[in-house]
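Asks: Structure incoming, see below.
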Amino acid sequence: MARKTGSHSEITGPRIRAVARSLFARYGFAAVSMRQIAAEVGVQAGALYLYTPDKETLLFELLKAHMDELLAAWDAVPAGDGPLARLEAFVRFHIRFNLDRAEAVFLSYMELRNLGPENFAVIEGLRRDYETRLETILRDGVVEGLFAAPDSKVASLAIIAMLTGVTTWYREGGRLDRDAVGDIYWDMVRKAVAA
């Protein structure tokens, strides 16, 4: 959607998205009004409509931006030599990427239900694209005799759910640093699919 030009548009649009993401994650999509978002941003409620036609579109744009960013970031990771190295890279990447985006991850799982069918289908398609990247690694590992995953789709979903769960409990400065968490999760995933 084309946004109207103005001296603050480059700042206001990202600020609206950041505030909406935070409020949706804290209170839930249904409980947050456009008026609340506007008040937090410091603009009149009507000004939000210069940036988004409605609240669902705002949610959709947040979820899509997260998935687009996730896919692009994974695609930029060096491929690695063989399925084992690629699987380790995937595990460590997924944890690292999502720990920096806990609110976006939470919205991606908890608020997907608030999208209409067309928007839902777009986000589900992006999620499937990401899942397929892991599924391909697992299939390649099975072919090479490195992994035992009788159903690579189910294994992919289970691994992603386990890795994503880190965002619900991990806290910076806690008992484990990010590298230690990556080591532990890599060990669990490797053992779960080992041939």
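Note on naming: chains are A, B, ... as they come in the structure tokens, residues start from 1 per chain, ligands start from 1 in the order shown.
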Identify, on the basis of only C-alpha atoms, every residue whose closest approach to Pro78 (chain A) does not exceed 12 Å; exclude the query and any residue fewer than 5 positions from it along the same chain; express the result as an mmCIF file with N, CA and C atoms, in the first residue's frame.

Replies:
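Wrote selection-v8.cif, looks like this:
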data_model
loop_
_atom_site.group_PDB
_atom_site.id
_atom_site.type_symbol
_atom_site.label_atom_id
_atom_site.label_comp_id
_atom_site.auth_asym_id
_atom_site.auth_seq_id
_atom_site.Cartn_x
_atom_site.Cartn_y
_atom_site.Cartn_z
ATOM 1 N N ALA A 73 16.901 -14.630 5.681
ATOM 2 C CA ALA A 73 18.062 -14.842 6.549
ATOM 3 C C ALA A 73 18.568 -16.278 6.446
ATOM 4 N N ALA A 85 25.879 -31.130 8.595
ATOM 5 C CA ALA A 85 26.303 -29.735 8.783
ATOM 6 C C ALA A 85 25.144 -28.776 8.532
ATOM 7 N N ARG A 86 24.317 -29.081 7.523
ATOM 8 C CA ARG A 86 23.167 -28.222 7.226
ATOM 9 C C ARG A 86 22.130 -28.270 8.343
ATOM 10 N N LEU A 87 21.931 -29.462 8.915
ATOM 11 C CA LEU A 87 20.977 -29.578 10.015
ATOM 12 C C LEU A 87 21.473 -28.806 11.235
ATOM 13 N N GLU A 88 22.746 -28.926 11.539
ATOM 14 C CA GLU A 88 23.291 -28.164 12.664
ATOM 15 C C GLU A 88 23.150 -26.661 12.417
ATOM 16 N N ALA A 89 23.447 -26.230 11.200
ATOM 17 C CA ALA A 89 23.308 -24.812 10.859
ATOM 18 C C ALA A 89 21.857 -24.363 11.040
ATOM 19 N N PHE A 90 20.914 -25.214 10.617
ATOM 20 C CA PHE A 90 19.496 -24.869 10.740
ATOM 21 C C PHE A 90 19.109 -24.707 12.207
ATOM 22 N N PHE A 93 20.740 -21.566 13.635
ATOM 23 C CA PHE A 93 20.139 -20.394 13.000
ATOM 24 C C PHE A 93 18.751 -20.118 13.571
#

Asks: Using only C-alpha atoms, which protein or nucleic acid residues come within 7 Å of Leu163 (chain A)? Drop anything in the same chain fewer than 3 positions from it, and give the result as number ranges by chain.

Replies: A: 94-95, 159-160, 166

Asks: Give me, as number ranges by chain, the residues of region 2-195 of chain A that a backbone DSSP run labels helix (DSSP H, G or I).

Replies: A: 9-27, 29-31, 34-41, 45-48, 55-75, 83-99, 102-110, 112-114, 117-143, 152-164, 166-169, 178-193

Asks: Which residues, written as a VMD selection string, have at least one atom at most 12 Å from Tyr109 (chain A), with only C-alpha atoms counted and residues fewer than 6 positions away on the same chain left out?

Replies: chain A and resid 25 28 63 66 to 67 102 to 103 115 120 123 to 124 127 160 to 161 164 to 165 167 to 168

Asks: Just the number, please: distance in Å from CA of Val189 (chain A) to CA of Leu146 (chain A), one decimal.

Replies: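 That distance, rounded to one decimal, is 12.8 Å.
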
Asks: Within 12 Å of Arg15 (chain A), counting only C-alpha atoms, which residues qualify if same-chain residues fewer than 2 places away don't, as a list in words?

Replies: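 These residues fall inside the cut-off: His8, Ser9, Glu10, Ile11, Thr12, Gly13, Arg17, Ala18, Val19, Ala20, Arg21, Ser22, Ile37, Ala38, Ala39, Glu40, Val41, Gly42, Val43, Leu48 and Tyr51 of chain A.
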
Asks: Between CA of Val193 (chain A) and CA of Ala180 (chain A), what distance in Å does the model show, to one decimal?

Replies: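 Atom-to-atom, CA of Val193 (chain A) to CA of Ala180 (chain A), that is 20.4 Å.
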
Asks: Which residue, A:Met188, A:Val181, A:Val143, A:Ala47, has the smallest gap to Arg96 (chain A) when you use only C-alpha atoms?

Replies: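 The shortest atom-to-atom distance to Arg96 (chain A) comes from A:Val181.
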
Asks: Residues near Gly182 (chain A), anyone? I mean within 8 Å using only C-alpha atoms, not counting same-chain ones fewer than 2 positions away, as a list in words.

Replies: Val91, Arg92, Ile95, Arg178, Asp179, Ala180, Ile184, Tyr185 and Trp186 of chain A

Asks: I need the chosen residues saved as a PDB file, in the first residue's frame, with N, CA, C and O atoms.

Replies:
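File part18.pdb, as written:
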ATOM      1  N   VAL A  91      19.500 -25.661  13.040  1.00  0.00           N
ATOM      2  CA  VAL A  91      19.161 -25.614  14.471  1.00  0.00           C
ATOM      3  C   VAL A  91      19.681 -24.327  15.098  1.00  0.00           C
ATOM      4  O   VAL A  91      18.955 -23.591  15.767  1.00  0.00           O
ATOM      5  N   ARG A  92      20.947 -24.062  14.884  1.00  0.00           N
ATOM      6  CA  ARG A  92      21.568 -22.882  15.503  1.00  0.00           C
ATOM      7  C   ARG A  92      20.978 -21.586  14.937  1.00  0.00           C
ATOM      8  O   ARG A  92      20.747 -20.623  15.659  1.00  0.00           O
ATOM      9  N   ILE A  95      17.277 -20.908  16.351  1.00  0.00           N
ATOM     10  CA  ILE A  95      17.293 -20.410  17.735  1.00  0.00           C
ATOM     11  C   ILE A  95      17.785 -18.969  17.774  1.00  0.00           C
ATOM     12  O   ILE A  95      17.133 -18.098  18.358  1.00  0.00           O
ATOM     13  N   ARG A 178      23.323 -18.104  24.845  1.00  0.00           N
ATOM     14  CA  ARG A 178      22.741 -18.574  23.583  1.00  0.00           C
ATOM     15  C   ARG A 178      23.526 -19.724  22.960  1.00  0.00           C
ATOM     16  O   ARG A 178      22.938 -20.656  22.413  1.00  0.00           O
ATOM     17  N   ASP A 179      24.842 -19.646  23.042  1.00  0.00           N
ATOM     18  CA  ASP A 179      25.656 -20.720  22.466  1.00  0.00           C
ATOM     19  C   ASP A 179      25.414 -22.045  23.183  1.00  0.00           C
ATOM     20  O   ASP A 179      25.325 -23.103  22.549  1.00  0.00           O
ATOM     21  N   ALA A 180      25.302 -21.993  24.510  1.00  0.00           N
ATOM     22  CA  ALA A 180      25.047 -23.214  25.278  1.00  0.00           C
ATOM     23  C   ALA A 180      23.690 -23.801  24.920  1.00  0.00           C
ATOM     24  O   ALA A 180      23.543 -25.021  24.775  1.00  0.00           O
ATOM     25  N   ILE A 184      22.993 -27.543  23.306  1.00  0.00           N
ATOM     26  CA  ILE A 184      22.073 -28.518  23.898  1.00  0.00           C
ATOM     27  C   ILE A 184      21.005 -28.937  22.891  1.00  0.00           C
ATOM     28  O   ILE A 184      20.731 -30.130  22.718  1.00  0.00           O
ATOM     29  N   TYR A 185      20.435 -27.958  22.218  1.00  0.00           N
ATOM     30  CA  TYR A 185      19.381 -28.276  21.252  1.00  0.00           C
ATOM     31  C   TYR A 185      19.938 -29.024  20.046  1.00  0.00           C
ATOM     32  O   TYR A 185      19.278 -29.918  19.514  1.00  0.00           O
ATOM     33  N   TRP A 186      21.129 -28.667  19.621  1.00  0.00           N
ATOM     34  CA  TRP A 186      21.733 -29.397  18.509  1.00  0.00           C
ATOM     35  C   TRP A 186      21.947 -30.852  18.905  1.00  0.00           C
ATOM     36  O   TRP A 186      21.651 -31.774  18.143  1.00  0.00           O
TER      37      TRP A 186
END

Asks: Hey, what's within 10 Å of Lys55 (chain A) if we count only C-alpha atoms and toss same-chain stuff fewer than 6 positions away? As a PyMOL selection string, please?

Replies: chain A and resi 20+29-30+32-34+37+48-49+61
